[in-house]
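**Student:** Sharing structure.csv below, CSV, C-alpha atoms:
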```csv
chain,number,residue,atom,x,y,z
A,28,MET,CA,68.3,-26.0,101.1
A,29,ILE,CA,67.7,-24.1,97.8
A,30,ALA,CA,65.2,-21.7,99.4
A,31,PHE,CA,67.6,-21.1,102.3
A,32,LEU,CA,70.5,-20.2,99.9
A,33,GLU,CA,68.4,-17.9,97.8
A,34,SER,CA,67.0,-16.1,100.9
A,35,GLN,CA,70.4,-15.0,102.1
A,36,PRO,CA,71.4,-11.3,101.9
A,37,LEU,CA,73.6,-10.1,99.1
A,38,ALA,CA,76.7,-9.9,101.3
A,39,VAL,CA,76.4,-13.6,102.3
A,40,SER,CA,75.8,-14.6,98.6
A,41,ILE,CA,78.9,-12.7,97.5
A,42,GLY,CA,80.9,-14.4,100.3
A,43,LEU,CA,79.6,-17.8,99.2
A,44,PHE,CA,80.5,-16.9,95.6
A,45,VAL,CA,84.1,-16.0,96.6
A,46,ALA,CA,84.5,-19.0,98.8
A,47,CYS,CA,83.4,-21.4,96.1
A,48,SER,CA,85.7,-19.7,93.6
A,49,LEU,CA,88.7,-20.2,96.0
A,50,VAL,CA,87.8,-23.9,96.4
A,51,ILE,CA,87.6,-24.3,92.7
A,52,GLY,CA,91.0,-22.6,92.3
A,53,VAL,CA,92.8,-24.7,94.9
A,54,VAL,CA,91.3,-28.0,93.8
A,55,GLY,CA,92.0,-27.2,90.2
A,56,THR,CA,95.7,-26.7,90.9
A,57,ARG,CA,96.0,-30.1,92.6
A,58,LEU,CA,94.0,-31.7,89.8
A,59,THR,CA,96.7,-30.9,87.2
A,60,HIS,CA,99.3,-33.1,89.0
A,61,ILE,CA,96.8,-35.9,89.2
A,62,VAL,CA,95.8,-35.8,85.5
A,63,ASP,CA,99.5,-35.4,84.4
A,64,ASP,CA,100.3,-38.6,86.4
A,65,LEU,CA,97.3,-40.4,85.0
A,66,ALA,CA,98.3,-39.5,81.5
A,67,ASP,CA,101.7,-41.2,82.0
A,68,ARG,CA,100.4,-44.1,84.2
A,69,THR,CA,97.5,-45.0,81.8
A,70,GLY,CA,99.3,-44.3,78.6
A,71,LEU,CA,96.6,-41.9,77.4
A,72,GLY,CA,99.1,-39.1,76.7
A,73,GLU,CA,98.8,-35.5,77.7
A,74,ALA,CA,96.6,-34.4,74.7
A,75,ILE,CA,93.9,-37.0,75.3
A,76,ALA,CA,94.1,-36.8,79.2
A,77,GLY,CA,94.0,-33.0,79.0
A,78,ALA,CA,90.9,-33.0,76.7
A,79,VAL,CA,89.0,-35.8,78.4
A,80,LEU,CA,90.0,-36.0,82.1
A,81,LEU,CA,91.2,-32.5,82.8
A,82,GLY,CA,88.7,-30.9,80.4
A,83,MET,CA,85.7,-32.7,81.9
A,84,ALA,CA,86.8,-32.5,85.5
A,85,THR,CA,87.5,-28.8,85.4
A,86,SER,CA,84.2,-28.2,83.6
A,87,LEU,CA,82.1,-30.0,86.2
A,88,SER,CA,81.4,-26.9,88.3
A,89,GLY,CA,80.3,-25.0,85.1
A,90,ILE,CA,78.0,-27.7,83.7
A,91,VAL,CA,76.3,-28.2,87.1
A,92,LEU,CA,75.7,-24.4,87.3
A,93,SER,CA,74.3,-24.3,83.7
A,94,VAL,CA,72.0,-27.3,84.2
A,95,SER,CA,70.8,-25.9,87.6
A,96,ALA,CA,70.0,-22.6,86.0
A,97,ALA,CA,68.1,-24.2,83.1
A,98,LEU,CA,66.1,-26.3,85.6
A,99,ALA,CA,65.3,-23.1,87.4
A,100,ASP,CA,64.0,-21.5,84.2
A,101,GLN,CA,67.0,-19.2,83.8
A,102,PRO,CA,68.1,-20.0,80.2
A,103,GLU,CA,70.1,-16.7,79.9
A,104,LEU,CA,72.3,-17.5,82.9
A,105,ALA,CA,72.7,-21.2,81.7
A,106,MET,CA,73.8,-20.3,78.2
A,107,SER,CA,75.9,-17.2,79.1
A,108,ASN,CA,77.8,-19.3,81.7
A,109,ALA,CA,78.5,-21.9,79.1
A,110,LEU,CA,79.5,-19.6,76.2
A,111,GLY,CA,81.3,-17.1,78.4
A,112,GLY,CA,83.3,-20.0,79.9
A,113,ILE,CA,84.6,-21.0,76.5
A,114,ALA,CA,85.7,-17.5,75.7
A,115,VAL,CA,87.3,-16.8,79.1
A,116,GLN,CA,89.1,-20.1,79.1
A,117,THR,CA,90.6,-19.3,75.7
A,118,LEU,CA,91.7,-16.0,77.2
A,119,PHE,CA,93.3,-17.9,80.1
A,120,LEU,CA,95.5,-19.7,77.5
A,121,THR,CA,97.1,-16.3,76.9
A,122,LEU,CA,98.0,-16.0,80.6
A,123,ALA,CA,99.6,-19.5,80.4
A,124,ASP,CA,101.5,-18.1,77.4
A,125,VAL,CA,102.8,-15.3,79.5
A,126,ALA,CA,103.8,-17.8,82.2
A,127,HIS,CA,105.9,-19.7,79.7
A,128,ARG,CA,108.7,-17.1,79.2
A,129,ARG,CA,111.0,-19.2,77.0
A,130,ALA,CA,108.9,-19.0,73.9
A,131,ASN,CA,105.3,-18.7,72.6
A,132,LEU,CA,103.3,-21.5,74.2
A,133,GLU,CA,101.6,-22.5,71.0
A,134,HIS,CA,105.1,-22.9,69.4
A,135,ALA,CA,106.4,-25.1,72.2
A,136,ALA,CA,103.3,-27.2,72.6
A,137,ALA,CA,102.5,-28.0,69.0
A,138,SER,CA,100.8,-31.3,68.5
A,139,ILE,CA,98.4,-32.9,66.1
A,140,GLY,CA,96.1,-33.6,69.0
A,141,ASN,CA,95.7,-30.0,69.9
A,142,LEU,CA,95.1,-29.0,66.3
A,143,MET,CA,92.4,-31.7,65.9
A,144,GLN,CA,90.7,-30.5,69.1
A,145,CYS,CA,90.6,-27.0,67.8
A,146,GLY,CA,88.9,-28.3,64.7
A,147,LEU,CA,86.4,-30.2,66.8
A,148,LEU,CA,85.7,-27.1,68.9
A,149,VAL,CA,85.0,-25.1,65.7
A,150,CYS,CA,82.6,-27.7,64.5
A,151,LEU,CA,80.7,-27.9,67.8
A,152,LEU,CA,80.5,-24.1,68.0
A,153,GLY,CA,79.2,-24.1,64.5
A,154,LEU,CA,76.5,-26.6,65.5
A,155,LEU,CA,75.4,-24.2,68.3
A,156,LEU,CA,75.0,-21.4,65.7
A,157,VAL,CA,73.0,-23.7,63.5
A,158,GLY,CA,70.7,-24.5,66.5
A,159,ARG,CA,70.3,-20.8,67.2
A,160,PHE,CA,69.2,-19.9,63.7
A,161,SER,CA,67.4,-23.1,62.7
A,162,PRO,CA,63.6,-23.6,63.1
A,163,GLU,CA,62.4,-23.9,66.7
A,164,TRP,CA,61.6,-27.6,66.4
A,165,THR,CA,61.7,-29.8,69.5
A,166,LEU,CA,61.0,-33.4,70.4
A,167,TRP,CA,60.0,-33.8,74.1
A,168,GLN,CA,61.2,-30.2,74.5
A,169,VAL,CA,64.7,-31.0,73.2
A,170,HIS,CA,66.0,-29.4,70.0
A,171,PRO,CA,67.5,-31.8,67.3
A,172,ILE,CA,70.9,-30.0,67.6
A,173,THR,CA,71.3,-31.3,71.2
A,174,PRO,CA,71.9,-35.0,70.3
A,175,LEU,CA,74.1,-34.0,67.4
A,176,LEU,CA,76.3,-32.1,69.8
A,177,PHE,CA,76.9,-35.2,71.9
A,178,ILE,CA,77.4,-37.4,68.9
A,179,GLY,CA,79.8,-34.9,67.3
A,180,TYR,CA,81.8,-34.6,70.5
A,181,LEU,CA,82.3,-38.4,70.9
A,182,PHE,CA,83.1,-38.8,67.2
A,183,GLY,CA,85.6,-36.0,67.4
A,184,LEU,CA,87.4,-37.5,70.4
A,185,LYS,CA,87.7,-40.7,68.4
A,186,LEU,CA,89.2,-38.8,65.5
A,187,VAL,CA,91.7,-37.1,67.8
A,188,GLN,CA,92.8,-40.4,69.3
A,189,ARG,CA,93.2,-42.0,65.8
A,190,ALA,CA,95.2,-38.9,64.7
A,191,GLN,CA,97.6,-39.3,67.6
A,192,VAL,CA,98.0,-43.1,67.1
A,193,ASN,CA,98.6,-42.8,63.4
A,194,PRO,CA,99.5,-39.1,62.7
A,195,MET,CA,99.6,-37.9,59.0
A,196,TRP,CA,101.1,-34.6,60.1
A,197,ARG,CA,103.9,-33.8,62.5
A,198,PRO,CA,105.1,-30.4,63.8
A,199,ALA,CA,108.7,-29.5,63.0
A,200,ARG,CA,110.9,-29.9,66.1
A,201,THR,CA,112.8,-26.9,67.3
A,202,HIS,CA,115.0,-26.3,70.3
A,203,GLU,CA,111.8,-24.9,72.1
A,204,THR,CA,109.5,-27.8,71.3
A,205,ARG,CA,108.5,-29.8,74.3
A,206,LEU,CA,107.4,-33.4,73.7
A,207,ASP,CA,105.0,-35.4,75.8
A,208,GLU,CA,107.4,-37.8,77.6
A,209,PRO,CA,106.3,-39.9,80.6
A,210,ASP,CA,107.5,-39.1,84.1
A,211,GLN,CA,109.1,-42.1,85.7
A,212,GLN,CA,107.9,-41.1,89.2
A,213,ALA,CA,104.3,-41.0,87.9
A,214,LEU,CA,104.7,-44.6,86.6
A,215,GLN,CA,105.4,-45.8,90.1
A,216,ARG,CA,102.2,-44.3,91.6
A,217,SER,CA,99.2,-46.4,92.4
A,218,LEU,CA,96.6,-46.2,89.7
A,219,ARG,CA,93.7,-46.8,92.1
A,220,THR,CA,94.9,-43.9,94.3
A,221,LEU,CA,95.2,-41.6,91.3
A,222,TRP,CA,91.6,-42.4,90.2
A,223,LEU,CA,90.1,-42.0,93.7
A,224,SER,CA,91.9,-38.6,94.0
A,225,PHE,CA,90.6,-37.5,90.6
A,226,ALA,CA,87.0,-38.6,91.5
A,227,ALA,CA,87.0,-36.7,94.8
A,228,MET,CA,88.3,-33.5,93.3
A,229,ALA,CA,85.8,-33.8,90.4
A,230,VAL,CA,82.9,-34.1,92.9
A,231,THR,CA,84.2,-31.1,94.9
A,232,LEU,CA,84.2,-29.0,91.7
A,233,GLY,CA,80.6,-30.1,90.9
A,234,VAL,CA,79.2,-29.2,94.3
A,235,SER,CA,81.0,-25.8,94.1
A,236,GLY,CA,79.3,-25.1,90.8
A,237,TRP,CA,75.9,-25.8,92.2
A,238,LEU,CA,76.5,-23.4,95.1
A,239,LEU,CA,77.8,-20.8,92.7
A,240,GLU,CA,74.5,-21.0,90.7
A,241,ARG,CA,72.5,-20.3,93.9
A,242,SER,CA,74.7,-17.3,94.8
A,243,ALA,CA,74.8,-15.9,91.2
A,244,THR,CA,71.0,-15.9,91.1
A,245,VAL,CA,70.9,-13.7,94.3
A,246,ILE,CA,73.6,-11.4,92.9
A,247,SER,CA,71.8,-10.9,89.7
A,248,THR,CA,68.5,-10.1,91.5
A,249,GLU,CA,69.9,-7.9,94.1
A,250,THR,CA,72.3,-5.8,91.9
A,251,GLY,CA,70.1,-5.5,88.9
A,252,LEU,CA,72.8,-7.0,86.6
A,253,SER,CA,71.4,-9.0,83.7
A,254,GLN,CA,71.8,-12.7,83.8
A,255,ALA,CA,73.9,-12.5,80.6
A,256,ALA,CA,76.4,-10.1,82.4
A,257,VAL,CA,76.5,-12.3,85.5
A,258,GLY,CA,77.0,-15.4,83.4
A,259,VAL,CA,79.7,-14.0,81.2
A,260,LEU,CA,81.6,-11.8,83.7
A,261,LEU,CA,81.1,-13.7,87.0
A,262,THR,CA,80.0,-17.3,86.9
A,263,SER,CA,81.9,-18.2,83.7
A,264,VAL,CA,85.1,-16.8,85.2
A,265,ALA,CA,84.6,-18.4,88.5
A,266,THR,CA,83.8,-21.8,87.1
A,267,SER,CA,86.7,-21.5,84.7
A,268,LEU,CA,89.3,-20.9,87.4
A,269,PRO,CA,90.3,-24.6,87.3
A,270,GLU,CA,91.3,-24.1,83.7
A,271,LEU,CA,93.4,-21.1,84.6
A,272,VAL,CA,95.2,-22.6,87.5
A,273,THR,CA,95.6,-26.0,85.8
A,274,SER,CA,97.1,-24.5,82.6
A,275,ILE,CA,99.6,-22.4,84.5
A,276,ALA,CA,100.4,-25.3,86.8
A,277,ALA,CA,101.0,-27.5,83.8
A,278,VAL,CA,103.3,-24.9,82.2
A,279,ARG,CA,105.3,-24.7,85.4
A,280,ARG,CA,105.4,-28.5,85.6
A,281,GLY,CA,106.7,-28.6,82.0
A,282,ALA,CA,103.6,-30.4,80.7
A,283,LEU,CA,103.0,-27.9,77.9
A,284,THR,CA,100.8,-30.1,75.7
A,285,LEU,CA,98.6,-30.8,78.7
A,286,ALA,CA,98.3,-27.0,79.4
A,287,VAL,CA,97.0,-26.3,75.9
A,288,ALA,CA,94.9,-29.6,75.6
A,289,GLY,CA,93.2,-28.9,79.0
A,290,ILE,CA,91.9,-25.5,77.7
A,291,ILE,CA,90.9,-26.6,74.2
A,292,GLY,CA,89.5,-29.9,75.4
A,293,GLY,CA,87.6,-28.2,78.2
A,294,ASN,CA,86.2,-25.8,75.7
A,295,ALA,CA,85.0,-28.6,73.5
A,296,PHE,CA,83.3,-30.3,76.5
A,297,ASP,CA,81.8,-26.9,77.5
A,298,THR,CA,79.7,-26.9,74.3
A,299,LEU,CA,77.9,-29.8,75.9
A,300,PHE,CA,76.8,-27.4,78.7
A,301,ALA,CA,74.4,-26.0,76.1
A,302,ALA,CA,73.2,-29.5,75.1
A,303,ALA,CA,72.7,-30.5,78.8
A,304,SER,CA,70.9,-27.2,79.5
A,305,ASP,CA,68.6,-27.8,76.6
A,306,ILE,CA,67.5,-31.1,78.0
A,307,ALA,CA,67.1,-29.5,81.5
A,308,TYR,CA,65.1,-26.5,80.1
A,309,ARG,CA,61.5,-27.6,79.9
A,310,GLN,CA,60.1,-24.6,78.1
A,311,GLY,CA,61.3,-25.5,74.6
A,312,SER,CA,64.6,-24.9,72.7
A,313,ILE,CA,67.1,-23.1,75.0
A,314,TYR,CA,69.0,-22.0,71.8
A,315,HIS,CA,66.0,-19.8,71.0
A,316,ALA,CA,65.3,-18.6,74.5
A,317,VAL,CA,68.4,-16.4,74.9
A,318,PRO,CA,69.0,-12.8,73.7
A,319,ASP,CA,71.4,-11.9,71.0
A,320,ASP,CA,74.1,-10.6,73.4
A,321,VAL,CA,74.4,-14.2,74.7
A,322,ALA,CA,74.5,-15.7,71.2
A,323,LEU,CA,77.2,-13.2,70.3
A,324,TRP,CA,79.6,-15.2,72.4
A,325,ILE,CA,79.3,-18.2,70.1
A,326,ALA,CA,80.6,-16.1,67.3
A,327,LEU,CA,83.3,-14.6,69.4
A,328,SER,CA,84.4,-18.1,70.6
A,329,LEU,CA,84.5,-19.3,67.0
A,330,LEU,CA,86.7,-16.3,66.1
A,331,MET,CA,89.1,-16.8,69.1
A,332,THR,CA,89.4,-20.6,68.4
A,333,GLY,CA,90.2,-19.9,64.7
A,334,VAL,CA,92.9,-17.4,65.7
A,335,LEU,CA,94.3,-20.0,68.2
A,336,MET,CA,94.4,-22.6,65.5
A,337,LEU,CA,96.3,-20.2,63.2
A,338,GLY,CA,98.8,-19.7,66.1
A,339,LEU,CA,99.2,-23.5,66.5
A,340,ILE,CA,99.9,-23.9,62.8
A,341,ARG,CA,102.1,-20.8,62.3
A,342,ARG,CA,104.1,-21.5,65.6
A,343,GLN,CA,105.5,-18.1,66.0
A,344,GLU,CA,108.4,-18.4,68.5
A,345,GLN,CA,108.3,-14.9,69.8
A,346,GLY,CA,105.7,-12.1,69.3
A,347,PRO,CA,104.6,-8.9,70.9
A,348,GLY,CA,105.4,-8.8,74.6
A,349,ARG,CA,107.1,-12.2,74.3
A,350,ILE,CA,103.7,-13.9,73.5
A,351,GLY,CA,102.3,-15.0,70.2
A,352,PHE,CA,100.2,-12.9,67.8
A,353,GLU,CA,97.3,-15.2,68.5
A,354,SER,CA,97.4,-14.3,72.2
A,355,VAL,CA,97.2,-10.6,71.5
A,356,ALA,CA,94.3,-11.2,69.1
A,357,VAL,CA,92.4,-13.4,71.6
A,358,ILE,CA,92.8,-10.7,74.3
A,359,ALA,CA,91.4,-8.1,71.9
A,360,CYS,CA,88.5,-10.3,70.9
A,361,TYR,CA,87.5,-11.0,74.5
A,362,LEU,CA,87.8,-7.3,75.6
A,363,GLY,CA,85.7,-6.3,72.6
A,364,GLY,CA,83.0,-8.8,73.5
A,365,VAL,CA,82.9,-7.5,77.1
A,366,MET,CA,82.6,-3.9,75.9
A,367,MET,CA,79.7,-4.9,73.6
A,368,LEU,CA,78.0,-6.7,76.4
A,369,LEU,CA,78.3,-3.9,78.9
A,370,LEU,CA,77.2,-1.2,76.4
A,371,GLY,CA,74.2,-3.3,75.4
A,372,GLY,CA,75.0,-3.2,71.7
A,373,THR,CA,72.7,-6.2,70.9
A,374,THR,CA,69.1,-6.9,71.5
A,375,LYS,CA,66.9,-9.9,72.0
A,376,ASN,CA,66.1,-11.7,68.8
A,377,GLY,CA,62.5,-11.0,68.1
```
Would you mind writing the file out in structure tokens?

**Tutor:**
Amino acid sequence: MIAFLESQPLAVSIGLFVACSLVIGVVGTRLTHIVDDLADRTGLGEAIAGAVLLGMATSLSGIVLSVSAALADQPELAMSNALGGIAVQTLFLTLADVAHRRANLEHAAASIGNLMQCGLLVCLLGLLLVGRFSPEWTLWQVHPITPLLFIGYLFGLKLVQRAQVNPMWRPARTHETRLDEPDQQALQRSLRTLWLSFAAMAVTLGVSGWLLERSATVISTETGLSQAAVGVLLTSVATSLPELVTSIAAVRRGALTLAVAGIIGGNAFDTLFAAASDIAYRQGSIYHAVPDDVALWIALSLLMTGVLMLGLIRRQEQGPGRIGFESVAVIACYLGGVMMLLLGGTTKNG
């Protein structure tokens, strides 16, 4: 099956890439409604449901792609897909901000859960940088940073949950603040049906990610584009489409906390792409096997997340173009990163 997919001509591979992207987009839209109902039906709340359920499910196509690429000895594609996905998903939050015309999204969706998740994401991205610049030590071809990423993620989720149950900080309420309130119709839905629907959509996203990796390999080979460019500009965008459609769908549904939590929580989970890829990559530490133009996106993601956190704390109600200052800054950071990637401003770390 793998050999068959990789032997297809460029036009077929591009068609497969587009088809998988459409599937991801359609399934992602429906997934928002399921997770929003599960948040109410299970009592998890939008922040935790967005981070864990929506974040993990919408990231499945991406993690399958990164792990498949690592197994195929393509560390550059694996890591650029993971890191590019974090950056582009943060960018997608600015599009959700545009979709919410009443006020800046970060103002309306302020919550301790989203702030805590931003802090967790900063810590996980910091660990990735430590792995990149630490000695190239491995145990069974796995770098020590990899288990720390899993432990940090799980511990961070526990802290987020505790902060929501017993918050020591609360956002000031304004006329534009939207609280996480349960939908009475969602409380009447069958919990079993909701979980089965969630599982089916998650599997669909995972299979789509695997097919995307196959088509991306052909596109990179046939067009001469670097794996970093394909990962950052193509596969990370395609596998991140669920985050885009789910965040905008959540905004239109009025689940603003879910919209923000789905992006930030998905980004935190996406750092585990790198950890899973390091386990799958059998040539040593994957953190040391990628060029600097891929590692650059760790720093850019850190910068974008820090700006987003400032926006969540400052809570500007209206800004340039009816969006917050943080959205404008995030757009500038992402476009700057794309320009540096295309101009080849960085080289492989020797």

**Student:** Neighbouring residues of Ser107 in chain A were defined as those with any atom within 7 Å, considering only C-alpha atoms; residues of the same chain fewer than 4 positions away were excluded. Please report them as a ChimeraX atom specification.

**Tutor:** /A:103,111,255,258-259,321

**Student:** Wanna dump the range 298-374 of chain A-range 153-159 of chain A contacts at 12 Å for me, each residue with its shortest atom pair and the distance in Å to one decimal, counting all atoms listed in the file, ordered by chain and number, as a Markdown table?

**Tutor:**
```
| residue | atom | partner | partner_atom | distance |
| --- | --- | --- | --- | --- |
| A:Thr298 | CA | A:Leu155 | CA | 7.9 |
| A:Leu299 | CA | A:Leu155 | CA | 9.8 |
| A:Phe300 | CA | A:Leu155 | CA | 11.0 |
| A:Ala301 | CA | A:Leu155 | CA | 8.1 |
| A:Ala302 | CA | A:Leu155 | CA | 8.9 |
| A:Asp305 | CA | A:Gly158 | CA | 10.8 |
| A:Ser312 | CA | A:Gly158 | CA | 8.7 |
| A:Ile313 | CA | A:Arg159 | CA | 8.7 |
| A:Tyr314 | CA | A:Arg159 | CA | 4.9 |
| A:His315 | CA | A:Arg159 | CA | 5.8 |
| A:Ala316 | CA | A:Arg159 | CA | 9.1 |
| A:Val317 | CA | A:Arg159 | CA | 9.1 |
| A:Pro318 | CA | A:Arg159 | CA | 10.4 |
| A:Asp319 | CA | A:Arg159 | CA | 9.7 |
| A:Val321 | CA | A:Arg159 | CA | 10.8 |
| A:Ala322 | CA | A:Arg159 | CA | 7.7 |
| A:Leu323 | CA | A:Leu156 | CA | 9.7 |
| A:Trp324 | CA | A:Leu156 | CA | 10.2 |
| A:Ile325 | CA | A:Leu156 | CA | 6.9 |
| A:Ala326 | CA | A:Leu156 | CA | 7.9 |
| A:Leu327 | CA | A:Leu156 | CA | 11.3 |
| A:Ser328 | CA | A:Gly153 | CA | 10.0 |
| A:Leu329 | CA | A:Gly153 | CA | 7.6 |
| A:Leu330 | CA | A:Gly153 | CA | 10.9 |
| A:Thr332 | CA | A:Gly153 | CA | 11.5 |
| A:Gly333 | CA | A:Gly153 | CA | 11.8 |
```

**Student:** Write out as a PyMOL selection string each polymer residue whose atoms come within 6 Å of range 56-65 of chain A, counting all atoms listed in the file; drop sequence neighbours fewer than 2 positions from it.

**Tutor:** chain A and resi 53-54+67-69+213+272-273

**Student:** Got time to write the residues from that selection, C-alpha atoms, as an mmCIF file, in the coordinates of the input?

**Tutor:**
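Result file is again.cif:
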```
data_model
loop_
_atom_site.group_PDB
_atom_site.id
_atom_site.type_symbol
_atom_site.label_atom_id
_atom_site.label_comp_id
_atom_site.auth_asym_id
_atom_site.auth_seq_id
_atom_site.Cartn_x
_atom_site.Cartn_y
_atom_site.Cartn_z
ATOM 1 C CA VAL A 53 92.800 -24.700 94.900
ATOM 2 C CA VAL A 54 91.300 -28.000 93.800
ATOM 3 C CA ASP A 67 101.700 -41.200 82.000
ATOM 4 C CA ARG A 68 100.400 -44.100 84.200
ATOM 5 C CA THR A 69 97.500 -45.000 81.800
ATOM 6 C CA ALA A 213 104.300 -41.000 87.900
ATOM 7 C CA VAL A 272 95.200 -22.600 87.500
ATOM 8 C CA THR A 273 95.600 -26.000 85.800
#
```

**Student:** Using only C-alpha atoms, which of the listed residues (A:Leu92, A:Ile178, A:Leu151, A:Leu110) sits closest to Ala295 in chain A?

**Tutor:**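 The closest residue to Ala295 in chain A is A:Leu151.
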
**Student:** Point out the residue among A:Val79, A:Ala227, A:Met106, A:Leu252 with the least atom-to-atom distance to Tyr180 in chain A, counting all atoms listed in the file.

**Tutor:**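 Under the stated criterion, the closest residue is A:Val79.
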
**Student:** Measuring atom to atom with all atoms listed in the file, identify which of A:Gly89, A:Ser40, A:Ala84, A:Gln168 is nearest to Ala307 in chain A.

**Tutor:** A:Gln168

**Student:** If we count only C-alpha atoms and set the cut-off at 7 Å, which residues sit around range 41-52 of chain A, ignoring sequence neighbours fewer than 5 positions away in its own chain? Please answer as a PyMOL selection string.

**Tutor:** chain A and resi 232+235+239+242+265+268-269+272

**Student:** Which is closest to Ile90 in chain A among A:Gly112, A:Gly289, A:Pro171, A:Gly371, if we use all atoms listed in the file?

**Tutor:**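 Under the stated criterion, the closest residue is A:Gly112.
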
**Student:** Counting only C-alpha atoms, select every polymer residue within 10 Å of (68.7, -31.3, 83.9) as defined in the file's coordinates, and provide the selection as JSON, numbers by chain.

**Tutor:** {"A": [90, 91, 93, 94, 95, 96, 97, 98, 99, 303, 304, 305, 306, 307, 308, 309]}

**Student:** Have a look at CA of Gly311 in chain A and CA of Thr165 in chain A and let me know their distance in Å, one decimal.

**Tutor:**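 Value for the CA of Gly311 in chain A-CA of Thr165 in chain A distance: 6.7 Å.
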
**Student:** Counting all atoms listed in the file, which residues sit no farther than 10 Å from the position (87.3, -10.0, 74.3) in the file's frame? I'd like them as a PyMOL selection string.

**Tutor:** chain A and resi 114-115+117-118+324+327-328+331+356-367

**Student:** Tell me, in Å to one decimal, how far CA of Leu122 in chain A is from CA of Ser86 in chain A.

**Tutor:**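 Here the two named atoms are 18.7 Å from each other.
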
**Student:** Just how far from CA of Phe182 in chain A is CA of Leu166 in chain A, in Å to one decimal?

**Tutor:**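 CA of Phe182 in chain A lies at a distance of 23.0 Å from CA of Leu166 in chain A.
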
**Student:** Rank A:Arg216, A:Trp167, A:Gln310, A:Ser354 by their smallest atom-to-atom distance to Asp100 in chain A, using only C-alpha atoms, and report the top residue only.

**Tutor:**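 When distances to Asp100 in chain A are compared using only C-alpha atoms, the smallest one comes from A:Gln310.
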
**Student:** Using all atoms listed in the file, can you tell me which of A:Ile291, A:Ile139, A:Ala190, A:Leu132 comes closest to Arg342 in chain A?

**Tutor:**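 Checking each candidate against Arg342 in chain A, we get A:Leu132 as the closest.
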
**Student:** Output requested as a PDB file, keeping the file's coordinate frame - range 326-339 of chain A, filled out with N, CA and C atoms.

**Tutor:**
```
ATOM      1  N   ALA A 326      79.791 -16.639  68.350  1.00  0.00           N
ATOM      2  CA  ALA A 326      80.600 -16.100  67.300  1.00  0.00           C
ATOM      3  C   ALA A 326      81.982 -15.689  67.745  1.00  0.00           C
ATOM      4  N   LEU A 327      82.040 -15.038  68.906  1.00  0.00           N
ATOM      5  CA  LEU A 327      83.300 -14.600  69.400  1.00  0.00           C
ATOM      6  C   LEU A 327      84.215 -15.822  69.776  1.00  0.00           C
ATOM      7  N   SER A 328      83.619 -16.874  70.316  1.00  0.00           N
ATOM      8  CA  SER A 328      84.400 -18.100  70.600  1.00  0.00           C
ATOM      9  C   SER A 328      84.906 -18.748  69.365  1.00  0.00           C
ATOM     10  N   LEU A 329      84.083 -18.746  68.306  1.00  0.00           N
ATOM     11  CA  LEU A 329      84.500 -19.300  67.000  1.00  0.00           C
ATOM     12  C   LEU A 329      85.731 -18.475  66.509  1.00  0.00           C
ATOM     13  N   LEU A 330      85.650 -17.158  66.589  1.00  0.00           N
ATOM     14  CA  LEU A 330      86.700 -16.300  66.100  1.00  0.00           C
ATOM     15  C   LEU A 330      88.020 -16.545  66.940  1.00  0.00           C
ATOM     16  N   MET A 331      87.888 -16.615  68.257  1.00  0.00           N
ATOM     17  CA  MET A 331      89.100 -16.800  69.100  1.00  0.00           C
ATOM     18  C   MET A 331      89.689 -18.189  68.874  1.00  0.00           C
ATOM     19  N   THR A 332      88.853 -19.209  68.658  1.00  0.00           N
ATOM     20  CA  THR A 332      89.400 -20.600  68.400  1.00  0.00           C
ATOM     21  C   THR A 332      90.090 -20.597  67.045  1.00  0.00           C
ATOM     22  N   GLY A 333      89.516 -19.927  66.031  1.00  0.00           N
ATOM     23  CA  GLY A 333      90.200 -19.900  64.700  1.00  0.00           C
ATOM     24  C   GLY A 333      91.522 -19.201  64.801  1.00  0.00           C
ATOM     25  N   VAL A 334      91.611 -18.112  65.558  1.00  0.00           N
ATOM     26  CA  VAL A 334      92.900 -17.400  65.700  1.00  0.00           C
ATOM     27  C   VAL A 334      93.886 -18.332  66.459  1.00  0.00           C
ATOM     28  N   LEU A 335      93.417 -19.043  67.482  1.00  0.00           N
ATOM     29  CA  LEU A 335      94.300 -20.000  68.200  1.00  0.00           C
ATOM     30  C   LEU A 335      94.804 -21.065  67.288  1.00  0.00           C
ATOM     31  N   MET A 336      93.939 -21.579  66.421  1.00  0.00           N
ATOM     32  CA  MET A 336      94.400 -22.600  65.500  1.00  0.00           C
ATOM     33  C   MET A 336      95.437 -22.090  64.536  1.00  0.00           C
ATOM     34  N   LEU A 337      95.264 -20.853  64.073  1.00  0.00           N
ATOM     35  CA  LEU A 337      96.300 -20.200  63.200  1.00  0.00           C
ATOM     36  C   LEU A 337      97.621 -20.160  63.964  1.00  0.00           C
ATOM     37  N   GLY A 338      97.550 -19.825  65.260  1.00  0.00           N
ATOM     38  CA  GLY A 338      98.800 -19.700  66.100  1.00  0.00           C
ATOM     39  C   GLY A 338      99.455 -21.094  66.208  1.00  0.00           C
ATOM     40  N   LEU A 339      98.659 -22.149  66.385  1.00  0.00           N
ATOM     41  CA  LEU A 339      99.200 -23.500  66.500  1.00  0.00           C
ATOM     42  C   LEU A 339      99.866 -23.969  65.222  1.00  0.00           C
TER      43      LEU A 339
END
```
